[in-house]
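Q: Once you've had a glance at the structure underneath, I'll fire off some questions.
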Amino acid sequence: MFDKDLEIFVLDTETTGLNGFPTDYVVDVAVCRVRPHLDTVEPILSTVVGHDVTSWPQVQREAWIFQNTDLTLEEVSKATPVTFVTAELRSLLEGNMVTSFNVGFDFDKFLFNEPWRLREAVHLTPCIMLKAMPVCKLPGTYDVYKWPKLQQAYDMLVDGDPADIGEEQKHRAMEDALMASHVLLELIRRGVY
């Protein structure tokens with residue numbers, strides 16, 4: 001039985017690239033609350049992150065996120081400024097248990113750095129992807145399992161489609177946070193998280 005007060009906040013970011021701070025920017029962020037004792041996933045924050053895109057190099061202005069999702073550069077230029085989003089996110093997460101599907105990416109490359117600075121504010125719990133790896137058992141090199149992609153872990157571990165993704169992952173922050181939250185909930189049910 002789970003502690004009735006246990007809550008884990010699952011966060012996802014969409015960014016202009018894979019390099020992290022200071023080269024790339026968070027442009028979409030979402031948070032879900034997982035309550036294992038209630039067996040629930042609750043979306044609680046989803047926002048496009050506003051930036052002055054006029055100063056961005058072309059590589060960020062033409063980032064994968066803008067070419068392969070419904071998020072546009074114009075939306076980012078008109079969204080709530082990053083300073084306000086960082087304050088809202090810090091207020092929401094401060095002192096709480098927090099994780100993501102890829103902690104090394106979301107936190108180490110972005111959210112522990114400027115302007116987010118969440119390292120001292122949150123209690124980071126284990127990476128969902130790393131905990132899912134030995135459960136998914138995807139063949140890798142040298143008899144070591146490879147890291148599952150979010151869609152793979154979701155398809156392999158979660159019954160049905162409780163995140164309501166449908167046929168194809170859209171790669172927006174809330175959708176990914178919902179999927180990761182349901183993977184986390186299943187790992188908790190199996191006693192591996």
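Simple scheme: letters A, B, ... for chains in structure tokens order, numbers from 1 for residues in each chain, numbers from 1 for ligands in the order shown.
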With only C-alpha atoms as the counted atoms, please give the residues lying no more than 12 Å from Asp70 (chain A), apart from itself and same-chain residues fewer than 2 positions off, as a ChimeraX atom specification.
A: /A:14,28,48,64-68,72-76,169-173
Q: Find the residues near Pro43 (chain A): any atom within 9 Å, counting only C-alpha atoms, skip ones fewer than 6 places away on the same chain, and give them as an NGL selection string.
A: :A and (30-34 or 174 or 177-178)
Q: List the spatial neighbours of Ser55 (chain A) as a list in words - criterion: any atom at most 12 Å away, only C-alpha atoms, same-chain residues fewer than 5 positions off excluded.
A: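 So, after excluding close chain neighbours, the residues are Gln60, Arg61 and Ser77 of chain A.
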Q: As a PyMOL selection string, please: all residues of chain A that backbone DSSP puts in strand (DSSP E or B).
A: chain A and resi 8-15+26-35+40-48+50+81+97-99+123-124
Q: Grab the residues selected above and save them as a short mmCIF file (atom, residue, chain, number, x, y, z; two decimals), in the first residue's frame with N, CA and C atoms.
A:
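Saved file result.cif follows:
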data_model
loop_
_atom_site.label_atom_id
_atom_site.label_comp_id
_atom_site.auth_asym_id
_atom_site.auth_seq_id
_atom_site.Cartn_x
_atom_site.Cartn_y
_atom_site.Cartn_z
N ILE A 8 4.21 12.32 -6.93
CA ILE A 8 5.41 12.53 -7.74
C ILE A 8 4.98 13.38 -8.93
N PHE A 9 5.70 14.46 -9.15
CA PHE A 9 5.42 15.34 -10.27
C PHE A 9 6.30 14.92 -11.45
N VAL A 10 5.67 14.66 -12.58
CA VAL A 10 6.37 14.22 -13.79
C VAL A 10 6.37 15.38 -14.77
N LEU A 11 7.55 15.74 -15.21
CA LEU A 11 7.74 16.92 -16.04
C LEU A 11 8.26 16.51 -17.41
N ASP A 12 7.87 17.26 -18.41
CA ASP A 12 8.45 17.07 -19.74
C ASP A 12 8.72 18.43 -20.36
N THR A 13 9.78 18.49 -21.15
CA THR A 13 10.11 19.71 -21.88
C THR A 13 10.23 19.40 -23.36
N GLU A 14 9.93 20.39 -24.15
CA GLU A 14 10.26 20.36 -25.58
C GLU A 14 11.23 21.51 -25.78
N THR A 15 12.26 21.27 -26.57
CA THR A 15 13.36 22.23 -26.68
C THR A 15 13.75 22.48 -28.13
N VAL A 26 14.21 25.83 -23.75
CA VAL A 26 12.95 25.14 -23.48
C VAL A 26 11.84 26.00 -24.07
N VAL A 27 10.99 25.39 -24.92
CA VAL A 27 9.92 26.14 -25.56
C VAL A 27 8.52 25.63 -25.19
N ASP A 28 8.45 24.50 -24.52
CA ASP A 28 7.16 23.91 -24.12
C ASP A 28 7.44 23.10 -22.87
N VAL A 29 6.64 23.28 -21.84
CA VAL A 29 6.84 22.54 -20.59
C VAL A 29 5.49 22.10 -20.04
N ALA A 30 5.47 20.91 -19.46
CA ALA A 30 4.24 20.38 -18.87
C ALA A 30 4.57 19.56 -17.63
N VAL A 31 3.61 19.52 -16.71
CA VAL A 31 3.77 18.77 -15.47
C VAL A 31 2.47 18.03 -15.18
N CYS A 32 2.63 16.77 -14.76
CA CYS A 32 1.51 15.96 -14.28
C CYS A 32 1.81 15.55 -12.84
N ARG A 33 0.75 15.32 -12.07
CA ARG A 33 0.89 14.82 -10.70
C ARG A 33 0.43 13.36 -10.69
N VAL A 34 1.32 12.48 -10.20
CA VAL A 34 1.00 11.06 -10.06
C VAL A 34 0.76 10.79 -8.58
N ARG A 35 -0.41 10.21 -8.29
CA ARG A 35 -0.76 9.82 -6.92
C ARG A 35 -0.99 8.31 -6.91
N THR A 40 -3.85 7.58 -9.88
CA THR A 40 -4.25 8.66 -10.78
C THR A 40 -3.07 9.42 -11.36
N VAL A 41 -3.33 9.97 -12.53
CA VAL A 41 -2.43 10.90 -13.21
C VAL A 41 -3.26 12.14 -13.50
N GLU A 42 -2.75 13.29 -13.06
CA GLU A 42 -3.49 14.54 -13.22
C GLU A 42 -2.62 15.59 -13.91
N PRO A 43 -3.03 16.07 -15.08
CA PRO A 43 -2.29 17.16 -15.72
C PRO A 43 -2.49 18.44 -14.93
N ILE A 44 -1.37 19.14 -14.61
CA ILE A 44 -1.53 20.35 -13.79
C ILE A 44 -0.90 21.60 -14.38
N LEU A 45 -0.01 21.46 -15.34
CA LEU A 45 0.58 22.65 -15.98
C LEU A 45 1.01 22.29 -17.39
N SER A 46 0.64 23.14 -18.33
CA SER A 46 1.09 23.00 -19.71
C SER A 46 1.18 24.40 -20.29
N THR A 47 2.37 24.76 -20.74
CA THR A 47 2.53 26.12 -21.28
C THR A 47 3.66 26.18 -22.30
N VAL A 48 3.42 26.99 -23.31
CA VAL A 48 4.49 27.34 -24.24
C VAL A 48 5.33 28.40 -23.53
N GLY A 50 7.74 31.58 -23.60
CA GLY A 50 8.03 32.71 -24.47
C GLY A 50 9.49 33.14 -24.45
N PRO A 81 6.45 35.07 -21.11
CA PRO A 81 7.92 35.13 -21.06
C PRO A 81 8.52 34.08 -20.12
N MET A 97 8.67 15.94 -4.83
CA MET A 97 9.37 14.89 -5.57
C MET A 97 9.04 15.05 -7.05
N VAL A 98 10.09 15.09 -7.87
CA VAL A 98 9.94 15.39 -9.29
C VAL A 98 10.82 14.44 -10.10
N THR A 99 10.34 14.08 -11.28
CA THR A 99 11.13 13.27 -12.20
C THR A 99 10.69 13.56 -13.63
N HIS A 123 13.10 17.70 -5.08
CA HIS A 123 13.66 16.40 -4.68
C HIS A 123 13.55 15.49 -5.90
N LEU A 124 14.66 15.31 -6.59
CA LEU A 124 14.66 14.52 -7.82
C LEU A 124 14.58 13.04 -7.49
#
Q: Choose the residue, out of A:Asp108, A:Glu186, A:Glu175, A:Glu168, that has the smallest atom-to-atom separation from Ala153 (chain A); count only C-alpha atoms.
A: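 Once distances to Ala153 (chain A) are computed over only C-alpha atoms, the minimum belongs to A:Glu186.
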Q: DSSP on the backbone, helix (DSSP H, G or I) only: what residues of chain A does that give? Format it as a PyMOL selection string.
A: chain A and resi 53-55+58-61+64-68+73-78+82-93+103-111+128-136+141-143+150-157+173-189
Q: Tell me which of A:Ala132, A:Ala87, A:Val122, A:Val53 sits closest to Ile188 (chain A), counting only C-alpha atoms.
A: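 Going through A:Ala132, A:Ala87, A:Val122, A:Val53 one by one, the smallest distance to Ile188 (chain A) is for A:Ala132.
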Q: Residues within 9 Å of Lys131 (chain A), please, as a VMD selection string. Count only C-alpha atoms; anything in the same chain fewer than 2 positions from it doesn't count.
A: chain A and resid 126 to 129 133 to 135 184 187 192 to 193
Q: Point out the residue among A:Thr16, A:Thr125, A:Thr23, A:Asn113 with the least atom-to-atom distance to Ser100 (chain A), counting only C-alpha atoms.
A: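 Ranked by minimum distance to Ser100 (chain A), first place goes to A:Thr125.
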Q: Separation of CA of His182 (chain A) and CA of Glu167 (chain A), in Å?
A: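 Between these atoms lies a distance of 16.8 Å.
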Q: Would you compute the distance between CA of Arg90 (chain A) and CA of His51 (chain A)? Give it in Å to one decimal.
A: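 Distance reported for this atom pair: 18.1 Å.
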Q: A:Trp116, A:Glu62, A:Phe107, A:Thr54: which is nearest Glu88 (chain A), counting only C-alpha atoms?
A: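 Selected residue with least distance to Glu88 (chain A): A:Trp116.
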Q: Got a sec: who's within 9 Å of Phe105 (chain A), counting only C-alpha atoms, leaving out chain neighbours fewer than 6 positions off, as a ChimeraX atom specification?
A: /A:18-20,111
Q: For the residues in the current selection, export N, CA and C atoms as an mmCIF file, in the first residue's frame.
A:
data_model
loop_
_atom_site.group_PDB
_atom_site.id
_atom_site.type_symbol
_atom_site.label_atom_id
_atom_site.label_comp_id
_atom_site.auth_asym_id
_atom_site.auth_seq_id
_atom_site.Cartn_x
_atom_site.Cartn_y
_atom_site.Cartn_z
ATOM 1 N N LEU A 18 19.228 19.404 -28.757
ATOM 2 C CA LEU A 18 19.679 18.396 -27.804
ATOM 3 C C LEU A 18 20.892 18.814 -26.992
ATOM 4 N N ASN A 19 21.462 19.973 -27.302
ATOM 5 C CA ASN A 19 22.697 20.384 -26.637
ATOM 6 C C ASN A 19 22.493 20.901 -25.227
ATOM 7 N N GLY A 20 21.334 21.459 -24.946
ATOM 8 C CA GLY A 20 21.077 21.998 -23.618
ATOM 9 C C GLY A 20 21.580 23.414 -23.457
ATOM 10 N N LEU A 111 16.868 22.182 -16.942
ATOM 11 C CA LEU A 111 16.173 22.747 -15.781
ATOM 12 C C LEU A 111 17.036 22.965 -14.547
#
